[in-house]
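> Mind having a look at this structure? Questions to follow.
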Amino acid sequence: MTAMTATTQMTQTAKLQVNDVWKTFTPKKGQAVDALQDLSLTVNANEFVSLVGPSGCGKSTLLMMAAGLEPISEGRILIDGREIDGPGPDRGMVFQSYTLFPWLTVEDNIRFALKKSGLGRTQQDELVGDHIRLVGLEGFERSHPNQLSGGMRQRVAIARALVYRPEMLLMDEPFGALDAQTRMLMQELLLQVWQVERTTVLFVTHDVEEAIFLSDRIYVMTARPGRIKAEIAIDLPRPRTLLETESDARFAELRRQVLTLIREEARRAMR
Amino acid sequence: MTTTPRRPRTRLFELRGDIPRRVYAGAGVAFIALFLAAWLLLTELQIVSPIFLPPLRAVGEELIIQAQEGILWQDVGASVYRISVGWLLATVLALPIGILMGNFRFFEGLFEPFVDLVRYMPAVAFVPLTILWLGVGDTQKFAIIFIGTFFQEVLMIMDNVKNVPRDMIQVSYTFGMSKWEILWHVVLRAALPGIWDTFRITIGWAWTYLVVAELVAANVGLGYRIMRAQRFLETDKIILGILVIGVLGLLTDYFFKATYNRLFPWMQETR
Ligand SMILES: Nc1ncnc2c1ncn2[C@@H]1O[C@H](COP(=O)(O)OP(=O)(O)OP(=O)(O)O)[C@@H](O)[C@H]1O
Ligand SMILES: [Mg+2]
């Protein structure tokens with residue numbers, strides 16, 4: 001009975017479905033690399049899901065495939081039950097690398113994402129202004145990316161990925177290059193934004209605490225070829241703040257659980 | 001408590017450190033002054049014979065004579081005209097072909113073997129052939145400058161285009177932009193500073209090939225003037241010609257650097 005309701009609920013609200021996906025890279029020279037092997041996962045609408053796993057296990061590859069930027073070797077990826085067909089503005093992506101346009105100001109970088117939105121100038125201005133406020137960059141509208149700190153740049157990238165209101169956000173270690181302090185601020189900021197926008201998020205990170213703090217659920221991946229090793233529900237109350245959540249006893253428990261799983265895989269990856 | 005405030009010392013030799021503009025410019029001027037002083041010393045004290053190295057004075061007098069008689073302006077006019085046309089022809093072709101090669105593997109495969117082949121053929125060796133084909137007029141001069149610059153320029157522009165980060169292109173796809181929109185709004189915009197630098201470098205080479213072209217079969221131009229002076233061992237004229245070319249080269253270089261800073265102010269802090 002309960003299993004029944006759970007499944008119906010799942011199918012009703014699944015935003016992103018990755019079904020038995022395989023990915024093999026076959027470079028022109030050298031050996032073929034099996035990056036992903038029979039991987040399946042689901043992200044429900046309005047859910048915040050994190051993906052953790054050892055380096056090189058195929059996290060970025062999976063996000064790129066979900067964004068429609070990388071061909072799938074085998075299996076299917078569905079958005080709202082429809083198979084994806086290339087990249088589209090229904091999915092926003094924040095890349096692991098730095099992807100702002102250096103020749104545009106903060107404002108114009110964000111506006112650039114609205115080029116194909118068909119919105120009028122005033123509507124665009126409004127949206128851009130809203131999102132600059134959302135990520136706390138008032139006063140920097142006219143700055144160029146190279147005049148900003150790393151954390152500010154990533155905030156611009158997040159605002160730019162949110163501004164065209166994608167239904168789903170794919171984030172690849174967006175805070176990976178930031179210092180610990182900035183990183184914490186950005187995590188809280190992201191949660192605040194998510195609380196408001198309720199965009200579905202699939203978030204890749206190396207940082208277990210970050211994953212627990214942000215997510216509703218965490219998928220732990222195996223070493224390459226990547227598969228899902230475990231799925232862990234994060235039953236911490238929301239809204240969360242770093243100080244409160246991290247001092248929760250349940251947080252420590254979850255942390256130990258996830259870390260143990262990752263350690264096993266990291267060790268295997270080293271071999 | 002009584003420590004006198006220390007004046008912040010500007011350090012001259014920090015890795016990549018900035019120094020005051022006055023020091024920077026002053027050093028350059030001082031070095032040229034030093035060079036001229038050495039020249040003065042060598043010639044005025046008659047350490048070297050004027051046949052090998054004429055006194056600075058003689059070169060200055062020659063400059064005044066040529067300027068008054070109008071020869072200098074004729075030569076400069078003819079040479080600048082040839083350089084401009086030859087280089088523009090090369091650039092107008094290298095730009096679209098280089099851009100195609102940088103973006104589409106097909107065009108890279110199509111053109112690169114041929115370009116590589118011709119690139120290693122010395123432009124000087126084409127002088128007799130071009131005279132045979134095109135006569136001794138300006139067209140032949142254009143041809144030599146074209147052969148000397150085009151084949152390098154096209155590869156450099158290809159590289160400028162390839163240097164645009166892949167993720168910058170990928171992220172644009174997630175905004176729903178088409179291939180051609182991305183090519184125009186992202187790839188070309190991002191490659192432009194590099195391409196501008198390529199212009200600066202290739203026009204420098206064009207000066208070299210100009211002289212090559214004018215050494216044979218010309219009756220006006222800076223290269224011709226040098227060639228004629230050599231026949232009569234007029235070292236002062238030779239040196240004047242070389243100096244004028246040097247100054248003109250410096251001016252074009254300065255033009256491209258100044259416009260670079262004007263066109264791409266957002267590149268400055270990242271350099
Ligand atoms: N274009 C490619 N050609 C060949 N192999 C590739 C390519 N892209 C990725 N790979 C391989 O696929 C595997 C997964 O790469 P991916 O970048 O997805 O890992 P990741 O989990 O994101 O790692 P990290 O945590 O270090 O970012 C790696 O072993 C990598 O070497
Ligand atoms: Mg990655």
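Following the order of the structure tokens, chains are lettered A, B, ..., residues in each are numbered from 1, and ligands are numbered from 1.
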Please find the residues contacting ligand 1 at a distance of at most 10 Å between atoms, with only C-alpha atoms and all ligand atoms counted, and report them as number ranges by chain.
A: 23-36, 51-65, 70, 96-97, 172-173, 176, 204-206, 221-226
> From a DSSP calculation on the backbone, collect every residue of segment 25-216 of chain A in helix (DSSP H, G or I) and output the set as a PDB file with N, CA and C atoms, in the first residue's frame.

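Output (result00.pdb):
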ATOM      1  N   LYS A  59      30.705  12.525 -12.853  1.00  0.00           N
ATOM      2  CA  LYS A  59      29.666  13.464 -12.414  1.00  0.00           C
ATOM      3  C   LYS A  59      29.432  14.563 -13.449  1.00  0.00           C
ATOM      4  N   SER A  60      30.521  15.169 -13.890  1.00  0.00           N
ATOM      5  CA  SER A  60      30.390  16.232 -14.893  1.00  0.00           C
ATOM      6  C   SER A  60      29.785  15.681 -16.176  1.00  0.00           C
ATOM      7  N   THR A  61      30.219  14.489 -16.535  1.00  0.00           N
ATOM      8  CA  THR A  61      29.709  13.860 -17.754  1.00  0.00           C
ATOM      9  C   THR A  61      28.191  13.694 -17.668  1.00  0.00           C
ATOM     10  N   LEU A  62      27.727  13.248 -16.504  1.00  0.00           N
ATOM     11  CA  LEU A  62      26.288  13.048 -16.336  1.00  0.00           C
ATOM     12  C   LEU A  62      25.536  14.370 -16.466  1.00  0.00           C
ATOM     13  N   LEU A  63      26.057  15.414 -15.839  1.00  0.00           N
ATOM     14  CA  LEU A  63      25.386  16.717 -15.927  1.00  0.00           C
ATOM     15  C   LEU A  63      25.361  17.214 -17.368  1.00  0.00           C
ATOM     16  N   MET A  64      26.477  17.041 -18.052  1.00  0.00           N
ATOM     17  CA  MET A  64      26.542  17.485 -19.456  1.00  0.00           C
ATOM     18  C   MET A  64      25.529  16.736 -20.305  1.00  0.00           C
ATOM     19  N   MET A  65      25.344  15.464 -20.017  1.00  0.00           N
ATOM     20  CA  MET A  65      24.360  14.685 -20.778  1.00  0.00           C
ATOM     21  C   MET A  65      22.954  15.152 -20.443  1.00  0.00           C
ATOM     22  N   ALA A  66      22.713  15.438 -19.159  1.00  0.00           N
ATOM     23  CA  ALA A  66      21.391  15.920 -18.762  1.00  0.00           C
ATOM     24  C   ALA A  66      21.109  17.292 -19.385  1.00  0.00           C
ATOM     25  N   VAL A 106      28.442  42.764 -15.610  1.00  0.00           N
ATOM     26  CA  VAL A 106      27.637  41.840 -14.805  1.00  0.00           C
ATOM     27  C   VAL A 106      26.195  41.814 -15.319  1.00  0.00           C
ATOM     28  N   GLU A 107      25.653  43.016 -15.472  1.00  0.00           N
ATOM     29  CA  GLU A 107      24.299  43.188 -15.950  1.00  0.00           C
ATOM     30  C   GLU A 107      24.083  42.508 -17.308  1.00  0.00           C
ATOM     31  N   ASP A 108      24.995  42.799 -18.223  1.00  0.00           N
ATOM     32  CA  ASP A 108      24.839  42.281 -19.585  1.00  0.00           C
ATOM     33  C   ASP A 108      25.109  40.783 -19.666  1.00  0.00           C
ATOM     34  N   ASN A 109      25.961  40.282 -18.775  1.00  0.00           N
ATOM     35  CA  ASN A 109      26.159  38.837 -18.709  1.00  0.00           C
ATOM     36  C   ASN A 109      24.849  38.148 -18.369  1.00  0.00           C
ATOM     37  N   ILE A 110      24.140  38.714 -17.398  1.00  0.00           N
ATOM     38  CA  ILE A 110      22.876  38.095 -16.980  1.00  0.00           C
ATOM     39  C   ILE A 110      21.828  38.285 -18.082  1.00  0.00           C
ATOM     40  N   ARG A 111      21.814  39.459 -18.663  1.00  0.00           N
ATOM     41  CA  ARG A 111      20.835  39.743 -19.708  1.00  0.00           C
ATOM     42  C   ARG A 111      21.060  38.848 -20.936  1.00  0.00           C
ATOM     43  N   PHE A 112      22.319  38.491 -21.158  1.00  0.00           N
ATOM     44  CA  PHE A 112      22.661  37.672 -22.327  1.00  0.00           C
ATOM     45  C   PHE A 112      21.833  36.393 -22.369  1.00  0.00           C
ATOM     46  N   ARG A 121      12.457  44.858 -23.591  1.00  0.00           N
ATOM     47  CA  ARG A 121      13.581  45.450 -22.873  1.00  0.00           C
ATOM     48  C   ARG A 121      13.241  45.727 -21.401  1.00  0.00           C
ATOM     49  N   THR A 122      12.066  46.273 -21.157  1.00  0.00           N
ATOM     50  CA  THR A 122      11.741  46.626 -19.769  1.00  0.00           C
ATOM     51  C   THR A 122      11.593  45.379 -18.906  1.00  0.00           C
ATOM     52  N   GLN A 123      10.980  44.366 -19.476  1.00  0.00           N
ATOM     53  CA  GLN A 123      10.834  43.111 -18.721  1.00  0.00           C
ATOM     54  C   GLN A 123      12.205  42.516 -18.409  1.00  0.00           C
ATOM     55  N   GLN A 124      13.077  42.573 -19.430  1.00  0.00           N
ATOM     56  CA  GLN A 124      14.438  42.063 -19.231  1.00  0.00           C
ATOM     57  C   GLN A 124      15.135  42.824 -18.116  1.00  0.00           C
ATOM     58  N   ASP A 125      15.035  44.167 -18.179  1.00  0.00           N
ATOM     59  CA  ASP A 125      15.666  44.993 -17.147  1.00  0.00           C
ATOM     60  C   ASP A 125      15.198  44.590 -15.766  1.00  0.00           C
ATOM     61  N   GLU A 126      13.902  44.354 -15.673  1.00  0.00           N
ATOM     62  CA  GLU A 126      13.321  44.015 -14.392  1.00  0.00           C
ATOM     63  C   GLU A 126      13.889  42.683 -13.866  1.00  0.00           C
ATOM     64  N   LEU A 127      13.870  41.686 -14.754  1.00  0.00           N
ATOM     65  CA  LEU A 127      14.380  40.368 -14.368  1.00  0.00           C
ATOM     66  C   LEU A 127      15.852  40.434 -13.968  1.00  0.00           C
ATOM     67  N   VAL A 128      16.634  41.166 -14.776  1.00  0.00           N
ATOM     68  CA  VAL A 128      18.066  41.276 -14.489  1.00  0.00           C
ATOM     69  C   VAL A 128      18.263  41.944 -13.132  1.00  0.00           C
ATOM     70  N   GLY A 129      17.541  43.033 -12.898  1.00  0.00           N
ATOM     71  CA  GLY A 129      17.641  43.733 -11.617  1.00  0.00           C
ATOM     72  C   GLY A 129      17.266  42.820 -10.460  1.00  0.00           C
ATOM     73  N   ASP A 130      16.168  42.088 -10.616  1.00  0.00           N
ATOM     74  CA  ASP A 130      15.726  41.155  -9.570  1.00  0.00           C
ATOM     75  C   ASP A 130      16.815  40.160  -9.226  1.00  0.00           C
ATOM     76  N   HIS A 131      17.434  39.605 -10.269  1.00  0.00           N
ATOM     77  CA  HIS A 131      18.410  38.544 -10.016  1.00  0.00           C
ATOM     78  C   HIS A 131      19.729  39.081  -9.486  1.00  0.00           C
ATOM     79  N   ILE A 132      20.072  40.307  -9.856  1.00  0.00           N
ATOM     80  CA  ILE A 132      21.260  40.909  -9.261  1.00  0.00           C
ATOM     81  C   ILE A 132      21.026  41.093  -7.764  1.00  0.00           C
ATOM     82  N   ARG A 133      19.818  41.504  -7.403  1.00  0.00           N
ATOM     83  CA  ARG A 133      19.486  41.649  -5.981  1.00  0.00           C
ATOM     84  C   ARG A 133      19.468  40.282  -5.295  1.00  0.00           C
ATOM     85  N   LEU A 134      18.924  39.306  -5.998  1.00  0.00           N
ATOM     86  CA  LEU A 134      18.814  37.958  -5.433  1.00  0.00           C
ATOM     87  C   LEU A 134      20.165  37.416  -4.976  1.00  0.00           C
ATOM     88  N   PRO A 145      33.608  41.103 -15.305  1.00  0.00           N
ATOM     89  CA  PRO A 145      33.954  39.940 -14.482  1.00  0.00           C
ATOM     90  C   PRO A 145      35.360  39.992 -13.891  1.00  0.00           C
ATOM     91  N   ASN A 146      36.328  40.505 -14.641  1.00  0.00           N
ATOM     92  CA  ASN A 146      37.694  40.491 -14.108  1.00  0.00           C
ATOM     93  C   ASN A 146      37.904  41.483 -12.974  1.00  0.00           C
ATOM     94  N   GLN A 147      36.875  42.280 -12.684  1.00  0.00           N
ATOM     95  CA  GLN A 147      36.983  43.184 -11.540  1.00  0.00           C
ATOM     96  C   GLN A 147      36.319  42.578 -10.304  1.00  0.00           C
ATOM     97  N   GLY A 150      36.260  35.756  -6.978  1.00  0.00           N
ATOM     98  CA  GLY A 150      35.780  34.451  -7.432  1.00  0.00           C
ATOM     99  C   GLY A 150      34.350  34.170  -7.000  1.00  0.00           C
ATOM    100  N   GLY A 151      34.050  34.495  -5.745  1.00  0.00           N
ATOM    101  CA  GLY A 151      32.699  34.250  -5.235  1.00  0.00           C
ATOM    102  C   GLY A 151      31.665  35.094  -5.958  1.00  0.00           C
ATOM    103  N   MET A 152      32.030  36.343  -6.232  1.00  0.00           N
ATOM    104  CA  MET A 152      31.097  37.223  -6.947  1.00  0.00           C
ATOM    105  C   MET A 152      30.856  36.709  -8.364  1.00  0.00           C
ATOM    106  N   ARG A 153      31.907  36.230  -8.992  1.00  0.00           N
ATOM    107  CA  ARG A 153      31.742  35.707 -10.355  1.00  0.00           C
ATOM    108  C   ARG A 153      30.779  34.531 -10.359  1.00  0.00           C
ATOM    109  N   GLN A 154      30.927  33.660  -9.368  1.00  0.00           N
ATOM    110  CA  GLN A 154      30.058  32.497  -9.336  1.00  0.00           C
ATOM    111  C   GLN A 154      28.617  32.923  -9.066  1.00  0.00           C
ATOM    112  N   ARG A 155      28.449  34.002  -8.298  1.00  0.00           N
ATOM    113  CA  ARG A 155      27.100  34.502  -8.068  1.00  0.00           C
ATOM    114  C   ARG A 155      26.493  35.017  -9.371  1.00  0.00           C
ATOM    115  N   VAL A 156      27.319  35.667 -10.171  1.00  0.00           N
ATOM    116  CA  VAL A 156      26.815  36.129 -11.471  1.00  0.00           C
ATOM    117  C   VAL A 156      26.394  34.923 -12.308  1.00  0.00           C
ATOM    118  N   ALA A 157      27.232  33.885 -12.292  1.00  0.00           N
ATOM    119  CA  ALA A 157      26.923  32.682 -13.081  1.00  0.00           C
ATOM    120  C   ALA A 157      25.613  32.056 -12.613  1.00  0.00           C
ATOM    121  N   ILE A 158      25.385  32.073 -11.304  1.00  0.00           N
ATOM    122  CA  ILE A 158      24.143  31.507 -10.780  1.00  0.00           C
ATOM    123  C   ILE A 158      22.950  32.375 -11.195  1.00  0.00           C
ATOM    124  N   ALA A 159      23.101  33.686 -11.057  1.00  0.00           N
ATOM    125  CA  ALA A 159      22.032  34.593 -11.464  1.00  0.00           C
ATOM    126  C   ALA A 159      21.725  34.405 -12.949  1.00  0.00           C
ATOM    127  N   ARG A 160      22.766  34.234 -13.732  1.00  0.00           N
ATOM    128  CA  ARG A 160      22.592  34.074 -15.171  1.00  0.00           C
ATOM    129  C   ARG A 160      21.883  32.764 -15.503  1.00  0.00           C
ATOM    130  N   ALA A 161      22.145  31.726 -14.699  1.00  0.00           N
ATOM    131  CA  ALA A 161      21.482  30.447 -14.957  1.00  0.00           C
ATOM    132  C   ALA A 161      20.040  30.458 -14.462  1.00  0.00           C
ATOM    133  N   LEU A 162      19.732  31.376 -13.543  1.00  0.00           N
ATOM    134  CA  LEU A 162      18.369  31.415 -13.000  1.00  0.00           C
ATOM    135  C   LEU A 162      17.468  32.377 -13.749  1.00  0.00           C
ATOM    136  N   ALA A 180      36.894  28.750   2.062  1.00  0.00           N
ATOM    137  CA  ALA A 180      35.909  28.178   2.985  1.00  0.00           C
ATOM    138  C   ALA A 180      34.860  29.202   3.425  1.00  0.00           C
ATOM    139  N   GLN A 181      35.293  30.426   3.725  1.00  0.00           N
ATOM    140  CA  GLN A 181      34.353  31.439   4.205  1.00  0.00           C
ATOM    141  C   GLN A 181      33.330  31.799   3.136  1.00  0.00           C
ATOM    142  N   THR A 182      33.852  32.140   1.956  1.00  0.00           N
ATOM    143  CA  THR A 182      32.975  32.517   0.851  1.00  0.00           C
ATOM    144  C   THR A 182      32.041  31.371   0.515  1.00  0.00           C
ATOM    145  N   ARG A 183      32.592  30.199   0.557  1.00  0.00           N
ATOM    146  CA  ARG A 183      31.851  29.007   0.231  1.00  0.00           C
ATOM    147  C   ARG A 183      30.616  28.851   1.123  1.00  0.00           C
ATOM    148  N   MET A 184      30.818  29.065   2.425  1.00  0.00           N
ATOM    149  CA  MET A 184      29.695  28.951   3.359  1.00  0.00           C
ATOM    150  C   MET A 184      28.638  29.998   3.068  1.00  0.00           C
ATOM    151  N   LEU A 185      29.092  31.221   2.809  1.00  0.00           N
ATOM    152  CA  LEU A 185      28.134  32.278   2.494  1.00  0.00           C
ATOM    153  C   LEU A 185      27.350  31.923   1.247  1.00  0.00           C
ATOM    154  N   MET A 186      28.050  31.370   0.261  1.00  0.00           N
ATOM    155  CA  MET A 186      27.395  31.027  -1.000  1.00  0.00           C
ATOM    156  C   MET A 186      26.392  29.895  -0.810  1.00  0.00           C
ATOM    157  N   GLN A 187      26.722  28.967   0.074  1.00  0.00           N
ATOM    158  CA  GLN A 187      25.797  27.863   0.336  1.00  0.00           C
ATOM    159  C   GLN A 187      24.504  28.392   0.942  1.00  0.00           C
ATOM    160  N   GLU A 188      24.653  29.292   1.901  1.00  0.00           N
ATOM    161  CA  GLU A 188      23.449  29.863   2.514  1.00  0.00           C
ATOM    162  C   GLU A 188      22.657  30.669   1.505  1.00  0.00           C
ATOM    163  N   LEU A 189      23.390  31.420   0.695  1.00  0.00           N
ATOM    164  CA  LEU A 189      22.727  32.215  -0.329  1.00  0.00           C
ATOM    165  C   LEU A 189      21.951  31.329  -1.292  1.00  0.00           C
ATOM    166  N   LEU A 190      22.600  30.245  -1.717  1.00  0.00           N
ATOM    167  CA  LEU A 190      21.942  29.345  -2.667  1.00  0.00           C
ATOM    168  C   LEU A 190      20.664  28.761  -2.051  1.00  0.00           C
ATOM    169  N   LEU A 191      20.748  28.400  -0.793  1.00  0.00           N
ATOM    170  CA  LEU A 191      19.554  27.852  -0.136  1.00  0.00           C
ATOM    171  C   LEU A 191      18.438  28.881  -0.061  1.00  0.00           C
ATOM    172  N   GLN A 192      18.810  30.120   0.264  1.00  0.00           N
ATOM    173  CA  GLN A 192      17.805  31.183   0.303  1.00  0.00           C
ATOM    174  C   GLN A 192      17.134  31.344  -1.050  1.00  0.00           C
ATOM    175  N   VAL A 193      17.978  31.378  -2.088  1.00  0.00           N
ATOM    176  CA  VAL A 193      17.454  31.532  -3.446  1.00  0.00           C
ATOM    177  C   VAL A 193      16.526  30.363  -3.776  1.00  0.00           C
ATOM    178  N   TRP A 194      16.975  29.180  -3.429  1.00  0.00           N
ATOM    179  CA  TRP A 194      16.199  27.980  -3.749  1.00  0.00           C
ATOM    180  C   TRP A 194      14.853  27.993  -2.998  1.00  0.00           C
ATOM    181  N   GLN A 195      14.908  28.467  -1.747  1.00  0.00           N
ATOM    182  CA  GLN A 195      13.697  28.574  -0.942  1.00  0.00           C
ATOM    183  C   GLN A 195      12.657  29.453  -1.654  1.00  0.00           C
ATOM    184  N   VAL A 196      13.152  30.504  -2.314  1.00  0.00           N
ATOM    185  CA  VAL A 196      12.256  31.433  -3.006  1.00  0.00           C
ATOM    186  C   VAL A 196      11.808  30.854  -4.343  1.00  0.00           C
ATOM    187  N   GLU A 197      12.761  30.373  -5.130  1.00  0.00           N
ATOM    188  CA  GLU A 197      12.460  30.012  -6.514  1.00  0.00           C
ATOM    189  C   GLU A 197      11.940  28.587  -6.647  1.00  0.00           C
ATOM    190  N   VAL A 208      31.127  16.836   1.239  1.00  0.00           N
ATOM    191  CA  VAL A 208      30.027  16.075   1.826  1.00  0.00           C
ATOM    192  C   VAL A 208      29.124  16.965   2.686  1.00  0.00           C
ATOM    193  N   GLU A 209      29.760  17.842   3.473  1.00  0.00           N
ATOM    194  CA  GLU A 209      28.965  18.721   4.337  1.00  0.00           C
ATOM    195  C   GLU A 209      28.092  19.651   3.523  1.00  0.00           C
ATOM    196  N   GLU A 210      28.642  20.140   2.448  1.00  0.00           N
ATOM    197  CA  GLU A 210      27.883  20.997   1.551  1.00  0.00           C
ATOM    198  C   GLU A 210      26.667  20.241   1.013  1.00  0.00           C
ATOM    199  N   ALA A 211      26.907  19.016   0.584  1.00  0.00           N
ATOM    200  CA  ALA A 211      25.824  18.203   0.024  1.00  0.00           C
ATOM    201  C   ALA A 211      24.723  17.975   1.055  1.00  0.00           C
ATOM    202  N   ILE A 212      25.109  17.647   2.286  1.00  0.00           N
ATOM    203  CA  ILE A 212      24.101  17.378   3.319  1.00  0.00           C
ATOM    204  C   ILE A 212      23.335  18.649   3.662  1.00  0.00           C
ATOM    205  N   PHE A 213      24.075  19.724   3.824  1.00  0.00           N
ATOM    206  CA  PHE A 213      23.444  20.986   4.207  1.00  0.00           C
ATOM    207  C   PHE A 213      22.402  21.429   3.183  1.00  0.00           C
ATOM    208  N   LEU A 214      22.698  21.230   1.915  1.00  0.00           N
ATOM    209  CA  LEU A 214      21.827  21.774   0.872  1.00  0.00           C
ATOM    210  C   LEU A 214      20.675  20.837   0.502  1.00  0.00           C
TER     211      LEU A 214
END
> Excluding Leu89 of chain B and its own-chain neighbours fewer than 5 positions away, which residues fall within 10 Å of it when counting only C-alpha atoms? Please give them as a PyMOL selection string.
chain B and resi 83-84+94+142-143+145-146+149-150
> Include N, CA, C and O atoms and write out the residues we just selected as an mmCIF file, in the first residue's frame.

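As a result, part.cif now contains:
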data_model
loop_
_atom_site.group_PDB
_atom_site.id
_atom_site.type_symbol
_atom_site.label_atom_id
_atom_site.label_comp_id
_atom_site.auth_asym_id
_atom_site.auth_seq_id
_atom_site.Cartn_x
_atom_site.Cartn_y
_atom_site.Cartn_z
ATOM 1 N N ILE B 83 52.230 47.956 -48.457
ATOM 2 C CA ILE B 83 51.995 47.214 -47.213
ATOM 3 C C ILE B 83 50.503 47.124 -46.934
ATOM 4 O O ILE B 83 49.966 46.053 -46.636
ATOM 5 N N SER B 84 49.829 48.257 -47.027
ATOM 6 C CA SER B 84 48.408 48.292 -46.666
ATOM 7 C C SER B 84 47.613 47.359 -47.552
ATOM 8 O O SER B 84 46.834 46.535 -47.067
ATOM 9 N N ALA B 94 42.317 35.756 -44.848
ATOM 10 C CA ALA B 94 42.709 34.908 -43.712
ATOM 11 C C ALA B 94 41.625 34.895 -42.645
ATOM 12 O O ALA B 94 41.416 33.884 -41.977
ATOM 13 N N PHE B 142 52.326 43.349 -53.897
ATOM 14 C CA PHE B 142 51.212 42.847 -53.081
ATOM 15 C C PHE B 142 51.331 41.333 -52.938
ATOM 16 O O PHE B 142 51.126 40.777 -51.860
ATOM 17 N N ALA B 143 51.650 40.696 -54.050
ATOM 18 C CA ALA B 143 51.701 39.231 -54.050
ATOM 19 C C ALA B 143 52.739 38.706 -53.070
ATOM 20 O O ALA B 143 52.477 37.756 -52.325
ATOM 21 N N ILE B 145 53.976 40.230 -50.398
ATOM 22 C CA ILE B 145 53.513 40.482 -49.021
ATOM 23 C C ILE B 145 52.405 39.492 -48.668
ATOM 24 O O ILE B 145 52.367 38.931 -47.569
ATOM 25 N N PHE B 146 51.537 39.239 -49.620
ATOM 26 C CA PHE B 146 50.451 38.289 -49.390
ATOM 27 C C PHE B 146 50.997 36.893 -49.083
ATOM 28 O O PHE B 146 50.639 36.278 -48.074
ATOM 29 N N THR B 149 52.593 36.690 -45.601
ATOM 30 C CA THR B 149 51.784 36.815 -44.381
ATOM 31 C C THR B 149 50.568 35.898 -44.330
ATOM 32 O O THR B 149 50.255 35.349 -43.275
ATOM 33 N N PHE B 150 49.891 35.733 -45.445
ATOM 34 C CA PHE B 150 48.591 35.037 -45.416
ATOM 35 C C PHE B 150 48.639 33.668 -44.740
ATOM 36 O O PHE B 150 47.841 33.360 -43.853
#
> Residues of chain A near chain B: apply a cut-off of 7 Å, count only C-alpha atoms, and supply the list as a ChimeraX atom specification.
/A:69,87-89,91-93,99,102-103,113,116,144,146
> Would you save the residues from that selection as a CSV table (one decimal), in the first residue's frame, using N, CA, C and O atoms?

chain,number,residue,atom,x,y,z
A,69,LEU,N,24.3,18.4,-23.7
A,69,LEU,CA,25.5,18.9,-24.4
A,69,LEU,C,26.5,17.8,-24.7
A,69,LEU,O,27.5,18.0,-25.3
A,87,PRO,N,20.4,20.7,-25.9
A,87,PRO,CA,20.3,21.7,-24.8
A,87,PRO,C,19.0,22.5,-25.0
A,87,PRO,O,18.5,22.7,-26.1
A,88,GLY,N,18.5,23.1,-23.9
A,88,GLY,CA,17.3,23.9,-24.0
A,88,GLY,C,17.2,24.8,-22.8
A,88,GLY,O,17.8,24.5,-21.8
A,89,PRO,N,16.5,25.9,-22.9
A,89,PRO,CA,16.4,26.8,-21.8
A,89,PRO,C,15.5,26.3,-20.7
A,89,PRO,O,15.3,27.1,-19.7
A,91,ARG,N,16.6,23.9,-18.9
A,91,ARG,CA,17.6,23.5,-18.0
A,91,ARG,C,18.7,24.5,-18.0
A,91,ARG,O,19.3,24.7,-19.0
A,92,GLY,N,19.0,25.0,-16.8
A,92,GLY,CA,20.1,26.0,-16.7
A,92,GLY,C,21.3,25.2,-16.1
A,92,GLY,O,21.1,24.2,-15.4
A,93,MET,N,22.5,25.7,-16.5
A,93,MET,CA,23.7,25.0,-16.0
A,93,MET,C,24.7,25.9,-15.5
A,93,MET,O,25.0,27.0,-16.1
A,99,THR,N,32.7,30.5,-16.8
A,99,THR,CA,32.1,30.7,-18.1
A,99,THR,C,31.4,32.1,-18.3
A,99,THR,O,30.6,32.2,-19.2
A,102,PRO,N,33.8,37.7,-20.5
A,102,PRO,CA,34.6,38.8,-20.0
A,102,PRO,C,34.3,40.2,-20.6
A,102,PRO,O,34.6,41.2,-20.0
A,103,TRP,N,33.8,40.2,-21.8
A,103,TRP,CA,33.6,41.5,-22.4
A,103,TRP,C,32.3,42.2,-22.0
A,103,TRP,O,32.0,43.3,-22.4
A,113,ALA,N,21.6,35.8,-21.2
A,113,ALA,CA,20.8,34.6,-21.1
A,113,ALA,C,19.3,34.8,-21.6
A,113,ALA,O,18.6,33.8,-21.8
A,116,LYS,N,17.1,34.9,-26.1
A,116,LYS,CA,16.1,34.1,-26.8
A,116,LYS,C,14.8,34.0,-26.1
A,116,LYS,O,13.9,33.3,-26.5
A,144,HIS,N,33.0,44.6,-14.8
A,144,HIS,CA,33.3,43.5,-15.7
A,144,HIS,C,33.8,42.3,-14.8
A,144,HIS,O,34.3,42.6,-13.7
A,146,ASN,N,36.3,40.5,-14.6
A,146,ASN,CA,37.7,40.5,-14.1
A,146,ASN,C,37.9,41.5,-13.0
A,146,ASN,O,39.0,41.5,-12.4
> Which residues are near Val76 of chain B? Cut-off 12 Å, only C-alpha atoms, ignore same chain within fewer than 6 positions. Put them as a compact mmCIF listing (two decimals) with C-alpha atoms, in the first residue's frame.

# COMPACT_ATOMS: atom_id res chain seq x y z
CA GLN B 66 65.36 63.54 -48.70
CA ALA B 67 62.52 65.20 -46.88
CA GLY B 70 60.30 64.90 -51.41
CA ARG B 82 51.98 48.41 -50.80
CA ILE B 83 51.99 47.21 -47.21
CA SER B 84 48.41 48.29 -46.67
CA TRP B 207 57.16 45.05 -43.37
CA LEU B 210 57.83 44.59 -48.28
CA VAL B 211 61.56 45.14 -48.26
CA VAL B 220 60.34 53.81 -55.63
CA GLY B 221 59.88 52.71 -52.02
CA LEU B 222 61.98 52.37 -48.90
CA GLY B 223 63.35 48.98 -49.87
CA TYR B 224 64.31 50.27 -53.29
CA ARG B 225 66.10 53.25 -51.73
CA GLY B 241 66.00 53.68 -44.86
CA ILE B 242 66.28 51.08 -42.14
CA LEU B 243 65.51 53.62 -39.44
CA VAL B 244 62.45 54.92 -41.29
CA ILE B 245 61.12 51.40 -41.66
CA GLY B 246 61.79 50.83 -37.97
CA VAL B 247 59.89 53.95 -37.00
CA LEU B 248 56.95 53.15 -39.29
CA GLY B 249 56.84 49.62 -37.88
